[in-house]
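Trainee: My file is upload33.tsv. It has TSV, N, CA and C atoms:
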```
chain	number	residue	atom	x	y	z
A	1	PHE	N	4.79	48.72	17.04
A	1	PHE	CA	3.73	48.50	16.08
A	1	PHE	C	3.21	49.85	15.61
A	2	ILE	N	2.90	49.92	14.33
A	2	ILE	CA	2.25	51.10	13.77
A	2	ILE	C	0.87	50.67	13.28
A	3	ILE	N	-0.15	51.40	13.68
A	3	ILE	CA	-1.51	51.08	13.23
A	3	ILE	C	-1.68	51.69	11.84
A	4	CYS	N	-1.82	50.83	10.85
A	4	CYS	CA	-1.99	51.28	9.46
A	4	CYS	C	-3.44	51.60	9.16
A	5	ALA	N	-4.35	50.84	9.71
A	5	ALA	CA	-5.78	51.05	9.52
A	5	ALA	C	-6.50	50.47	10.73
A	6	GLY	N	-7.63	51.08	11.09
A	6	GLY	CA	-8.42	50.57	12.20
A	6	GLY	C	-8.13	51.29	13.50
A	7	ALA	N	-8.43	50.60	14.60
A	7	ALA	CA	-8.27	51.20	15.92
A	7	ALA	C	-8.11	50.10	16.96
A	8	VAL	N	-7.47	50.47	18.06
A	8	VAL	CA	-7.26	49.55	19.17
A	8	VAL	C	-7.52	50.26	20.49
A	9	LYS	N	-7.71	49.46	21.53
A	9	LYS	CA	-7.74	50.01	22.89
A	9	LYS	C	-6.57	49.41	23.64
A	10	VAL	N	-6.02	50.19	24.54
A	10	VAL	CA	-4.90	49.74	25.36
A	10	VAL	C	-5.37	49.72	26.80
A	11	GLU	N	-5.22	48.57	27.45
A	11	GLU	CA	-5.64	48.41	28.83
A	11	GLU	C	-4.48	47.88	29.66
A	12	ARG	N	-4.49	48.24	30.91
A	12	ARG	CA	-3.57	47.66	31.87
A	12	ARG	C	-4.35	46.59	32.61
A	13	THR	N	-3.81	45.39	32.62
A	13	THR	CA	-4.49	44.28	33.27
A	13	THR	C	-4.13	44.27	34.75
A	14	GLY	N	-5.16	44.37	35.58
A	14	GLY	CA	-4.96	44.37	37.03
A	14	GLY	C	-5.39	43.05	37.62
A	15	THR	N	-5.27	42.97	38.94
A	15	THR	CA	-5.65	41.73	39.62
A	15	THR	C	-7.16	41.55	39.66
A	16	ASP	N	-7.91	42.66	39.77
A	16	ASP	CA	-9.35	42.52	39.86
A	16	ASP	C	-10.10	43.06	38.65
A	17	LYS	N	-9.52	44.00	37.91
A	17	LYS	CA	-10.17	44.50	36.70
A	17	LYS	C	-9.16	45.18	35.80
A	18	ASP	N	-9.52	45.28	34.52
A	18	ASP	CA	-8.68	45.97	33.56
A	18	ASP	C	-8.98	47.46	33.59
A	19	THR	N	-7.97	48.27	33.35
A	19	THR	CA	-8.13	49.72	33.32
A	19	THR	C	-7.83	50.21	31.92
A	20	LEU	N	-8.79	50.89	31.32
A	20	LEU	CA	-8.59	51.44	29.99
A	20	LEU	C	-7.59	52.57	30.08
A	21	LEU	N	-6.53	52.48	29.29
A	21	LEU	CA	-5.52	53.53	29.27
A	21	LEU	C	-5.78	54.52	28.14
A	22	THR	N	-6.06	53.99	26.93
A	22	THR	CA	-6.27	54.88	25.79
A	22	THR	C	-6.86	54.12	24.61
A	23	HIS	N	-7.34	54.88	23.65
A	23	HIS	CA	-7.74	54.36	22.34
A	23	HIS	C	-6.75	54.91	21.33
A	24	LEU	N	-6.33	54.11	20.37
A	24	LEU	CA	-5.40	54.55	19.34
A	24	LEU	C	-5.98	54.23	17.97
A	25	GLU	N	-5.75	55.15	17.02
A	25	GLU	CA	-6.26	54.98	15.66
A	25	GLU	C	-5.11	54.94	14.67
A	26	ALA	N	-5.46	54.79	13.41
A	26	ALA	CA	-4.47	54.71	12.33
A	26	ALA	C	-3.45	55.84	12.44
A	27	GLY	N	-2.20	55.49	12.24
A	27	GLY	CA	-1.11	56.45	12.33
A	27	GLY	C	-0.44	56.48	13.69
A	28	LYS	N	-1.07	55.93	14.69
A	28	LYS	CA	-0.50	55.90	16.04
A	28	LYS	C	0.32	54.62	16.23
A	29	THR	N	1.12	54.63	17.26
A	29	THR	CA	1.99	53.49	17.55
A	29	THR	C	1.73	52.97	18.95
A	30	PHE	N	2.15	51.73	19.18
A	30	PHE	CA	2.14	51.17	20.53
A	30	PHE	C	3.28	50.18	20.64
A	31	GLY	N	3.68	49.91	21.87
A	31	GLY	CA	4.78	48.99	22.12
A	31	GLY	C	6.15	49.65	22.17
A	32	GLU	N	6.17	50.99	22.21
A	32	GLU	CA	7.45	51.70	22.17
A	32	GLU	C	8.33	51.41	23.39
A	33	MET	N	7.72	51.33	24.55
A	33	MET	CA	8.51	51.13	25.76
A	33	MET	C	9.25	49.79	25.70
A	34	SER	N	8.54	48.75	25.32
A	34	SER	CA	9.17	47.44	25.19
A	34	SER	C	10.19	47.44	24.07
A	35	PHE	N	9.88	48.16	23.00
A	35	PHE	CA	10.79	48.24	21.87
A	35	PHE	C	12.12	48.88	22.28
A	36	MET	N	12.03	49.93	23.10
A	36	MET	CA	13.23	50.67	23.48
A	36	MET	C	14.17	49.88	24.37
A	37	ASP	N	13.60	49.19	25.37
A	37	ASP	CA	14.50	48.54	26.32
A	37	ASP	C	14.33	47.02	26.42
A	38	GLY	N	13.43	46.46	25.62
A	38	GLY	CA	13.26	45.01	25.63
A	38	GLY	C	12.47	44.48	26.81
A	39	SER	N	11.89	45.38	27.59
A	39	SER	CA	11.12	44.95	28.77
A	39	SER	C	9.79	44.35	28.34
A	40	PRO	N	9.18	43.57	29.24
A	40	PRO	CA	7.85	43.03	28.92
A	40	PRO	C	6.83	44.16	28.77
A	41	THR	N	5.80	43.91	28.00
A	41	THR	CA	4.75	44.91	27.84
A	41	THR	C	3.99	45.08	29.13
A	42	THR	N	3.44	46.28	29.33
A	42	THR	CA	2.70	46.57	30.55
A	42	THR	C	1.21	46.70	30.29
A	43	GLY	N	0.81	46.58	29.05
A	43	GLY	CA	-0.60	46.72	28.71
A	43	GLY	C	-1.04	45.64	27.75
A	44	THR	N	-2.35	45.57	27.56
A	44	THR	CA	-2.94	44.64	26.61
A	44	THR	C	-3.60	45.47	25.52
A	45	VAL	N	-3.30	45.16	24.27
A	45	VAL	CA	-3.85	45.89	23.13
A	45	VAL	C	-4.87	44.99	22.45
A	46	THR	N	-6.08	45.53	22.25
A	46	THR	CA	-7.16	44.78	21.63
A	46	THR	C	-7.77	45.62	20.52
A	47	THR	N	-8.02	45.01	19.38
A	47	THR	CA	-8.64	45.77	18.30
A	47	THR	C	-10.09	46.09	18.65
A	48	THR	N	-10.54	47.26	18.22
A	48	THR	CA	-11.92	47.66	18.45
A	48	THR	C	-12.71	47.70	17.14
A	49	GLU	N	-12.00	47.44	16.04
A	49	GLU	CA	-12.59	47.33	14.71
A	49	GLU	C	-11.56	46.62	13.85
A	50	PRO	N	-11.92	46.20	12.64
A	50	PRO	CA	-10.90	45.56	11.79
A	50	PRO	C	-9.66	46.45	11.68
A	51	THR	N	-8.51	45.87	11.96
A	51	THR	CA	-7.28	46.66	12.10
A	51	THR	C	-6.11	45.99	11.41
A	52	GLU	N	-5.26	46.81	10.79
A	52	GLU	CA	-4.00	46.33	10.22
A	52	GLU	C	-2.87	47.05	10.92
A	53	VAL	N	-1.87	46.29	11.37
A	53	VAL	CA	-0.70	46.88	12.01
A	53	VAL	C	0.56	46.43	11.31
A	54	LEU	N	1.56	47.26	11.41
A	54	LEU	CA	2.88	46.94	10.89
A	54	LEU	C	3.79	46.72	12.09
A	55	LYS	N	4.36	45.52	12.16
A	55	LYS	CA	5.30	45.21	13.25
A	55	LYS	C	6.70	45.51	12.76
A	56	ILE	N	7.41	46.30	13.54
A	56	ILE	CA	8.78	46.66	13.18
A	56	ILE	C	9.71	46.02	14.21
A	57	SER	N	10.61	45.19	13.72
A	57	SER	CA	11.52	44.48	14.62
A	57	SER	C	12.72	45.35	14.98
A	58	HIS	N	13.32	45.01	16.10
A	58	HIS	CA	14.54	45.68	16.54
A	58	HIS	C	15.62	45.58	15.46
A	59	ASN	N	15.79	44.37	14.91
A	59	ASN	CA	16.83	44.17	13.91
A	59	ASN	C	16.63	45.04	12.68
A	60	SER	N	15.38	45.17	12.22
A	60	SER	CA	15.14	45.99	11.03
A	60	SER	C	15.41	47.46	11.31
A	61	VAL	N	15.06	47.94	12.51
A	61	VAL	CA	15.34	49.33	12.86
A	61	VAL	C	16.85	49.55	12.99
A	62	ASP	N	17.53	48.62	13.62
A	62	ASP	CA	18.99	48.74	13.75
A	62	ASP	C	19.64	48.82	12.38
A	63	GLN	N	19.20	47.98	11.46
A	63	GLN	CA	19.77	47.99	10.10
A	63	GLN	C	19.45	49.31	9.40
A	64	LEU	N	18.21	49.76	9.52
A	64	LEU	CA	17.80	51.01	8.89
A	64	LEU	C	18.62	52.18	9.42
A	65	LEU	N	18.84	52.22	10.73
A	65	LEU	CA	19.60	53.32	11.32
A	65	LEU	C	21.08	53.22	11.00
A	66	ASP	N	21.60	52.00	10.85
A	66	ASP	CA	22.99	51.85	10.41
A	66	ASP	C	23.17	52.42	9.01
A	67	ASP	N	22.17	52.16	8.15
A	67	ASP	CA	22.23	52.64	6.77
A	67	ASP	C	21.89	54.12	6.63
A	68	ASN	N	21.08	54.64	7.56
A	68	ASN	CA	20.60	56.03	7.50
A	68	ASN	C	20.65	56.66	8.89
A	69	PRO	N	21.83	57.02	9.38
A	69	PRO	CA	21.96	57.53	10.75
A	69	PRO	C	21.08	58.75	11.05
A	70	ASP	N	20.83	59.59	10.06
A	70	ASP	CA	20.01	60.79	10.29
A	70	ASP	C	18.57	60.44	10.67
A	71	MET	N	18.12	59.27	10.25
A	71	MET	CA	16.76	58.85	10.59
A	71	MET	C	16.61	58.60	12.08
A	72	GLY	N	17.70	58.24	12.74
A	72	GLY	CA	17.66	57.97	14.17
A	72	GLY	C	17.17	59.16	14.97
A	73	VAL	N	17.63	60.34	14.59
A	73	VAL	CA	17.20	61.55	15.29
A	73	VAL	C	15.70	61.73	15.15
A	74	LYS	N	15.18	61.54	13.95
A	74	LYS	CA	13.74	61.69	13.72
A	74	LYS	C	12.95	60.61	14.46
A	75	LEU	N	13.46	59.39	14.43
A	75	LEU	CA	12.78	58.29	15.11
A	75	LEU	C	12.67	58.56	16.61
A	76	TRP	N	13.78	58.88	17.25
A	76	TRP	CA	13.77	59.10	18.69
A	76	TRP	C	13.01	60.36	19.07
A	77	ARG	N	13.04	61.37	18.21
A	77	ARG	CA	12.24	62.59	18.46
A	77	ARG	C	10.76	62.25	18.45
A	78	ASN	N	10.33	61.44	17.48
A	78	ASN	CA	8.93	61.04	17.41
A	78	ASN	C	8.53	60.19	18.62
A	79	PHE	N	9.41	59.29	19.03
A	79	PHE	CA	9.15	58.52	20.26
A	79	PHE	C	8.95	59.47	21.43
A	80	ALA	N	9.85	60.45	21.56
A	80	ALA	CA	9.79	61.38	22.68
A	80	ALA	C	8.51	62.21	22.65
A	81	LEU	N	8.10	62.68	21.48
A	81	LEU	CA	6.88	63.47	21.37
A	81	LEU	C	5.66	62.63	21.72
A	82	ASP	N	5.62	61.40	21.27
A	82	ASP	CA	4.50	60.52	21.58
A	82	ASP	C	4.44	60.23	23.07
A	83	LEU	N	5.58	59.94	23.67
A	83	LEU	CA	5.61	59.66	25.10
A	83	LEU	C	5.25	60.90	25.92
A	84	LYS	N	5.65	62.08	25.45
A	84	LYS	CA	5.29	63.33	26.12
A	84	LYS	C	3.77	63.52	26.11
A	85	GLN	N	3.15	63.23	24.97
A	85	GLN	CA	1.69	63.34	24.87
A	85	GLN	C	1.01	62.36	25.83
A	86	ARG	N	1.52	61.16	25.91
A	86	ARG	CA	0.92	60.16	26.80
A	86	ARG	C	1.12	60.54	28.26
A	87	LEU	N	2.27	61.11	28.58
A	87	LEU	CA	2.52	61.56	29.96
A	87	LEU	C	1.58	62.70	30.32
A	88	THR	N	1.34	63.60	29.40
A	88	THR	CA	0.39	64.69	29.62
A	88	THR	C	-1.00	64.15	29.90
A	89	GLN	N	-1.43	63.17	29.12
A	89	GLN	CA	-2.75	62.55	29.34
A	89	GLN	C	-2.81	61.88	30.72
A	90	THR	N	-1.73	61.20	31.09
A	90	THR	CA	-1.68	60.54	32.40
A	90	THR	C	-1.76	61.58	33.52
A	91	ASN	N	-1.04	62.68	33.38
A	91	ASN	CA	-1.08	63.73	34.39
A	91	ASN	C	-2.49	64.30	34.54
A	92	GLU	N	-3.19	64.47	33.41
A	92	GLU	CA	-4.56	64.97	33.46
A	92	GLU	C	-5.47	64.00	34.21
A	93	LYS	N	-5.28	62.69	33.98
A	93	LYS	CA	-6.09	61.69	34.70
A	93	LYS	C	-5.78	61.73	36.19
A	94	ILE	N	-4.53	61.86	36.54
A	94	ILE	CA	-4.15	61.92	37.96
A	94	ILE	C	-4.77	63.14	38.62
A	95	GLU	N	-4.71	64.29	37.95
A	95	GLU	CA	-5.31	65.51	38.50
A	95	GLU	C	-6.81	65.31	38.73
A	96	TYR	N	-7.48	64.65	37.80
A	96	TYR	CA	-8.91	64.38	37.94
A	96	TYR	C	-9.17	63.53	39.18
A	97	TYR	N	-8.42	62.44	39.34
A	97	TYR	CA	-8.63	61.56	40.49
A	97	TYR	C	-8.29	62.23	41.81
A	98	VAL	N	-7.29	63.08	41.81
A	98	VAL	CA	-6.96	63.83	43.02
A	98	VAL	C	-8.11	64.77	43.37
A	99	ASP	N	-8.66	65.45	42.37
A	99	ASP	CA	-9.80	66.35	42.61
A	99	ASP	C	-11.00	65.59	43.15
A	100	VAL	N	-11.30	64.43	42.58
A	100	VAL	CA	-12.42	63.62	43.05
A	100	VAL	C	-12.19	63.20	44.50
A	101	ASN	N	-11.00	62.77	44.82
A	101	ASN	CA	-10.70	62.37	46.20
A	101	ASN	C	-10.82	63.54	47.16
A	102	ARG	N	-10.39	64.71	46.73
A	102	ARG	CA	-10.53	65.89	47.59
A	102	ARG	C	-12.00	66.18	47.88
A	103	MET	N	-12.83	66.11	46.83
A	103	MET	CA	-14.26	66.37	47.01
A	103	MET	C	-14.88	65.34	47.96
A	104	LEU	N	-14.48	64.09	47.80
A	104	LEU	CA	-15.02	63.05	48.68
A	104	LEU	C	-14.60	63.29	50.12
A	105	LEU	N	-13.34	63.63	50.32
A	105	LEU	CA	-12.86	63.86	51.69
A	105	LEU	C	-13.48	65.09	52.32
A	106	ASP	N	-13.88	66.06	51.50
A	106	ASP	CA	-14.53	67.27	52.02
A	106	ASP	C	-16.01	67.06	52.30
A	107	ASP	N	-16.59	65.96	51.84
A	107	ASP	CA	-18.01	65.67	52.01
A	107	ASP	C	-18.23	65.02	53.38
A	108	PRO	N	-18.96	65.69	54.28
A	108	PRO	CA	-19.16	65.14	55.63
A	108	PRO	C	-19.82	63.76	55.63
A	109	SER	N	-20.77	63.53	54.72
A	109	SER	CA	-21.44	62.22	54.72
A	109	SER	C	-20.46	61.12	54.31
A	110	PHE	N	-19.57	61.42	53.41
A	110	PHE	CA	-18.55	60.44	53.02
A	110	PHE	C	-17.61	60.18	54.19
A	111	ARG	N	-17.21	61.25	54.86
A	111	ARG	CA	-16.29	61.10	55.99
A	111	ARG	C	-16.93	60.31	57.12
A	112	LYS	N	-18.25	60.47	57.29
A	112	LYS	CA	-18.94	59.73	58.35
A	112	LYS	C	-18.95	58.24	58.04
A	113	ILE	N	-19.19	57.89	56.79
A	113	ILE	CA	-19.20	56.48	56.38
A	113	ILE	C	-17.81	55.89	56.50
A	114	TYR	N	-16.82	56.67	56.09
A	114	TYR	CA	-15.43	56.21	56.14
A	114	TYR	C	-14.69	56.99	57.21
A	115	SER	N	-15.08	56.82	58.45
A	115	SER	CA	-14.56	57.60	59.55
A	115	SER	C	-13.07	57.39	59.81
A	116	ARG	N	-12.52	56.32	59.28
A	116	ARG	CA	-11.09	56.09	59.51
A	116	ARG	C	-10.21	57.01	58.66
A	117	LEU	N	-10.81	57.83	57.79
A	117	LEU	CA	-10.01	58.73	56.95
A	117	LEU	C	-9.61	59.92	57.74
```
Mind converting the file's structure to C-alpha cells?

Mentor:
Amino acid sequence: FIICAGAVKVERTGTDKDTLLTHLEAGKTFGEMSFMDGSPTTGTVTTTEPTEVLKISHNSVDQLLDDNPDMGVKLWRNFALDLKQRLTQTNEKIEYYVDVNRMLLDDPSFRKIYSRL
C-alpha cells in the first residue's frame, strides 16, 4: 500500500495490549513484507486522519516489471532503503529498552523489590 494522503499508525497486536510500531504519512508505504513473500501481516494499520491509499497487487507489479525490467531494480532498492530505515528505528528502540533495564537493575530499591533478579 502507498499512502497518497493522510496518515496511519502501525501497531503489533499482542495478547494483552497493542504496541505502537510507527506512524506513517503520505508518500510512505506499508505491507511490504507480506507483499514480498505472501506471508500474513504482522501488524495492524489504522488511519489517524482521513486517508487515501493505493493498493498495488502482486499481479500488477509482476506485469509492470515484465514490461519494464529496469523498474525492478528501483522498486527493490526502495524496498531495501525503507526496510533499512525501519530496522534502524527498531535498533534504536531496543537500545533504549536495554538502557532502561540496565538502570533498573542497577537501582538497589528495584533489586530489593525484585530480589529474584

Trainee: Which residues, written as a PyMOL selection string, have at least one atom at most 10 Å from range 54-62 of chain A, with only C-alpha atoms counted and residues fewer than 2 positions away on the same chain left out?

Mentor: chain A and resi 1-5+29-31+35-36+38+52+64-69+71-72+75

Trainee: For a test of reading the model, state the distance in Å between CA of Tyr114 in chain A and atom C of Val98 in chain A, rounded to one decimal.

Mentor: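 Answer for the CA of Tyr114 in chain A to atom C of Val98 in chain A separation: 17.0 Å.
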
Trainee: Please indicate the distance in Å from CA of Gly27 in chain A to CA of Thr42 in chain A, rounded to one decimal place.

Mentor: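 Computing it gives 21.1 Å between the two atoms.
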
Trainee: Using DSSP secondary structure from the backbone, list all helix (DSSP H, G or I) positions within chain A, as a ChimeraX atom specification.

Mentor: /A:32-37,58-67,69-106,108-113

Trainee: If I put a ball of radius 10 Å at (-6.7, 47.9, 30.4) in the file's coordinates, which residues poke into it when counting only C-alpha atoms, written as a short mmCIF file (atom, residue, chain, number, x, y, z; two decimals) with N, CA and C atoms, keeping the file's coordinate frame?

Mentor:
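Output saved as point13.cif:
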```cif
data_model
loop_
_atom_site.label_atom_id
_atom_site.label_comp_id
_atom_site.auth_asym_id
_atom_site.auth_seq_id
_atom_site.Cartn_x
_atom_site.Cartn_y
_atom_site.Cartn_z
N LYS A 9 -7.71 49.46 21.53
CA LYS A 9 -7.74 50.01 22.89
C LYS A 9 -6.57 49.41 23.64
N VAL A 10 -6.02 50.19 24.54
CA VAL A 10 -4.90 49.74 25.36
C VAL A 10 -5.37 49.72 26.80
N GLU A 11 -5.22 48.57 27.45
CA GLU A 11 -5.64 48.41 28.83
C GLU A 11 -4.48 47.88 29.66
N ARG A 12 -4.49 48.24 30.91
CA ARG A 12 -3.57 47.66 31.87
C ARG A 12 -4.35 46.59 32.61
N THR A 13 -3.81 45.39 32.62
CA THR A 13 -4.49 44.28 33.27
C THR A 13 -4.13 44.27 34.75
N GLY A 14 -5.16 44.37 35.58
CA GLY A 14 -4.96 44.37 37.03
C GLY A 14 -5.39 43.05 37.62
N LYS A 17 -9.52 44.00 37.91
CA LYS A 17 -10.17 44.50 36.70
C LYS A 17 -9.16 45.18 35.80
N ASP A 18 -9.52 45.28 34.52
CA ASP A 18 -8.68 45.97 33.56
C ASP A 18 -8.98 47.46 33.59
N THR A 19 -7.97 48.27 33.35
CA THR A 19 -8.13 49.72 33.32
C THR A 19 -7.83 50.21 31.92
N LEU A 20 -8.79 50.89 31.32
CA LEU A 20 -8.59 51.44 29.99
C LEU A 20 -7.59 52.57 30.08
N LEU A 21 -6.53 52.48 29.29
CA LEU A 21 -5.52 53.53 29.27
C LEU A 21 -5.78 54.52 28.14
N THR A 22 -6.06 53.99 26.93
CA THR A 22 -6.27 54.88 25.79
C THR A 22 -6.86 54.12 24.61
N THR A 42 3.44 46.28 29.33
CA THR A 42 2.70 46.57 30.55
C THR A 42 1.21 46.70 30.29
N GLY A 43 0.81 46.58 29.05
CA GLY A 43 -0.60 46.72 28.71
C GLY A 43 -1.04 45.64 27.75
N THR A 44 -2.35 45.57 27.56
CA THR A 44 -2.94 44.64 26.61
C THR A 44 -3.60 45.47 25.52
N VAL A 45 -3.30 45.16 24.27
CA VAL A 45 -3.85 45.89 23.13
C VAL A 45 -4.87 44.99 22.45
N THR A 46 -6.08 45.53 22.25
CA THR A 46 -7.16 44.78 21.63
C THR A 46 -7.77 45.62 20.52
#
```

Trainee: Could you tell me how far atom C of Thr47 in chain A lies from CA of Ala7 in chain A, in Å and to one decimal?

Mentor: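 Computing the Euclidean distance for atom C of Thr47 in chain A and CA of Ala7 in chain A yields 6.1 Å.
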
Trainee: For Asn101 in chain A, list every protein, DNA or RNA residue within 12 Å, evaluated using only C-alpha atoms, and leave out those in the same chain fewer than 6 positions away; present the list as a list of chain:residue names.

Mentor: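 Those residues are A:Ile94, A:Glu95, A:Asp107, A:Phe110, A:Arg111, A:Leu117.
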
Trainee: For the selection just defined, write its residues with N, CA and C atoms to a file, as a PDB file, keeping the file's coordinate frame.

Mentor:
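Below is the file selection-v6.pdb, written as the result:
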```
ATOM      1  N   ILE A  94      -4.530  61.860  36.540  1.00  0.00           N
ATOM      2  CA  ILE A  94      -4.150  61.920  37.960  1.00  0.00           C
ATOM      3  C   ILE A  94      -4.770  63.140  38.620  1.00  0.00           C
ATOM      4  N   GLU A  95      -4.710  64.290  37.950  1.00  0.00           N
ATOM      5  CA  GLU A  95      -5.310  65.510  38.500  1.00  0.00           C
ATOM      6  C   GLU A  95      -6.810  65.310  38.730  1.00  0.00           C
ATOM      7  N   ASP A 107     -16.590  65.960  51.840  1.00  0.00           N
ATOM      8  CA  ASP A 107     -18.010  65.670  52.010  1.00  0.00           C
ATOM      9  C   ASP A 107     -18.230  65.020  53.380  1.00  0.00           C
ATOM     10  N   PHE A 110     -19.570  61.420  53.410  1.00  0.00           N
ATOM     11  CA  PHE A 110     -18.550  60.440  53.020  1.00  0.00           C
ATOM     12  C   PHE A 110     -17.610  60.180  54.190  1.00  0.00           C
ATOM     13  N   ARG A 111     -17.210  61.250  54.860  1.00  0.00           N
ATOM     14  CA  ARG A 111     -16.290  61.100  55.990  1.00  0.00           C
ATOM     15  C   ARG A 111     -16.930  60.310  57.120  1.00  0.00           C
ATOM     16  N   LEU A 117     -10.810  57.830  57.790  1.00  0.00           N
ATOM     17  CA  LEU A 117     -10.010  58.730  56.950  1.00  0.00           C
ATOM     18  C   LEU A 117      -9.610  59.920  57.740  1.00  0.00           C
TER      19      LEU A 117
END
```

Trainee: Report the centre and edge lengths, in Å to one decimal, of an axis-aligned box enclosing every atom of range 40-48 of chain A listed in the file, padded by 4 Å on each side, as lines of an AutoDock Vina configuration file.

Mentor:
```
center_x = -1.8
center_y = 45.4
center_z = 23.8
size_x = 29.9
size_y = 12.7
size_z = 21.4
```

Trainee: Between A:Lys28, A:Leu87, A:Asp70, A:Ser34, which one has atoms that come closest to Val53 in chain A, using only C-alpha atoms?

Mentor: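 Using only C-alpha atoms, Val53 in chain A sits closest to A:Lys28.
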
Trainee: Reconstruct range 65-77 of chain A at the level of N, CA, C and O atoms, and format the result as a PDB file, keeping the file's coordinate frame.

Mentor:
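So selection_28.pdb came out as:
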```pdb
ATOM      1  N   LEU A  65      18.840  52.220  10.730  1.00  0.00           N
ATOM      2  CA  LEU A  65      19.600  53.320  11.320  1.00  0.00           C
ATOM      3  C   LEU A  65      21.080  53.220  11.000  1.00  0.00           C
ATOM      4  O   LEU A  65      21.765  54.245  10.877  1.00  0.00           O
ATOM      5  N   ASP A  66      21.600  52.000  10.850  1.00  0.00           N
ATOM      6  CA  ASP A  66      22.990  51.850  10.410  1.00  0.00           C
ATOM      7  C   ASP A  66      23.170  52.420   9.010  1.00  0.00           C
ATOM      8  O   ASP A  66      24.171  53.077   8.707  1.00  0.00           O
ATOM      9  N   ASP A  67      22.170  52.160   8.150  1.00  0.00           N
ATOM     10  CA  ASP A  67      22.230  52.640   6.770  1.00  0.00           C
ATOM     11  C   ASP A  67      21.890  54.120   6.630  1.00  0.00           C
ATOM     12  O   ASP A  67      22.331  54.773   5.691  1.00  0.00           O
ATOM     13  N   ASN A  68      21.080  54.640   7.560  1.00  0.00           N
ATOM     14  CA  ASN A  68      20.600  56.030   7.500  1.00  0.00           C
ATOM     15  C   ASN A  68      20.650  56.660   8.890  1.00  0.00           C
ATOM     16  O   ASN A  68      19.599  56.849   9.519  1.00  0.00           O
ATOM     17  N   PRO A  69      21.830  57.020   9.380  1.00  0.00           N
ATOM     18  CA  PRO A  69      21.960  57.530  10.750  1.00  0.00           C
ATOM     19  C   PRO A  69      21.080  58.750  11.050  1.00  0.00           C
ATOM     20  O   PRO A  69      20.617  58.916  12.178  1.00  0.00           O
ATOM     21  N   ASP A  70      20.830  59.590  10.060  1.00  0.00           N
ATOM     22  CA  ASP A  70      20.010  60.790  10.290  1.00  0.00           C
ATOM     23  C   ASP A  70      18.570  60.440  10.670  1.00  0.00           C
ATOM     24  O   ASP A  70      17.884  61.215  11.322  1.00  0.00           O
ATOM     25  N   MET A  71      18.120  59.270  10.250  1.00  0.00           N
ATOM     26  CA  MET A  71      16.760  58.850  10.590  1.00  0.00           C
ATOM     27  C   MET A  71      16.610  58.600  12.080  1.00  0.00           C
ATOM     28  O   MET A  71      15.510  58.705  12.627  1.00  0.00           O
ATOM     29  N   GLY A  72      17.700  58.240  12.740  1.00  0.00           N
ATOM     30  CA  GLY A  72      17.660  57.970  14.170  1.00  0.00           C
ATOM     31  C   GLY A  72      17.170  59.160  14.970  1.00  0.00           C
ATOM     32  O   GLY A  72      16.374  59.020  15.894  1.00  0.00           O
ATOM     33  N   VAL A  73      17.630  60.340  14.590  1.00  0.00           N
ATOM     34  CA  VAL A  73      17.200  61.550  15.290  1.00  0.00           C
ATOM     35  C   VAL A  73      15.700  61.730  15.150  1.00  0.00           C
ATOM     36  O   VAL A  73      14.989  62.009  16.126  1.00  0.00           O
ATOM     37  N   LYS A  74      15.180  61.540  13.950  1.00  0.00           N
ATOM     38  CA  LYS A  74      13.740  61.690  13.720  1.00  0.00           C
ATOM     39  C   LYS A  74      12.950  60.610  14.460  1.00  0.00           C
ATOM     40  O   LYS A  74      11.913  60.887  15.058  1.00  0.00           O
ATOM     41  N   LEU A  75      13.460  59.390  14.430  1.00  0.00           N
ATOM     42  CA  LEU A  75      12.780  58.290  15.110  1.00  0.00           C
ATOM     43  C   LEU A  75      12.670  58.560  16.610  1.00  0.00           C
ATOM     44  O   LEU A  75      11.584  58.493  17.190  1.00  0.00           O
ATOM     45  N   TRP A  76      13.780  58.880  17.250  1.00  0.00           N
ATOM     46  CA  TRP A  76      13.770  59.100  18.690  1.00  0.00           C
ATOM     47  C   TRP A  76      13.010  60.360  19.070  1.00  0.00           C
ATOM     48  O   TRP A  76      12.360  60.417  20.117  1.00  0.00           O
ATOM     49  N   ARG A  77      13.040  61.370  18.210  1.00  0.00           N
ATOM     50  CA  ARG A  77      12.240  62.590  18.460  1.00  0.00           C
ATOM     51  C   ARG A  77      10.760  62.250  18.450  1.00  0.00           C
ATOM     52  O   ARG A  77      10.001  62.686  19.309  1.00  0.00           O
TER      53      ARG A  77
END
```
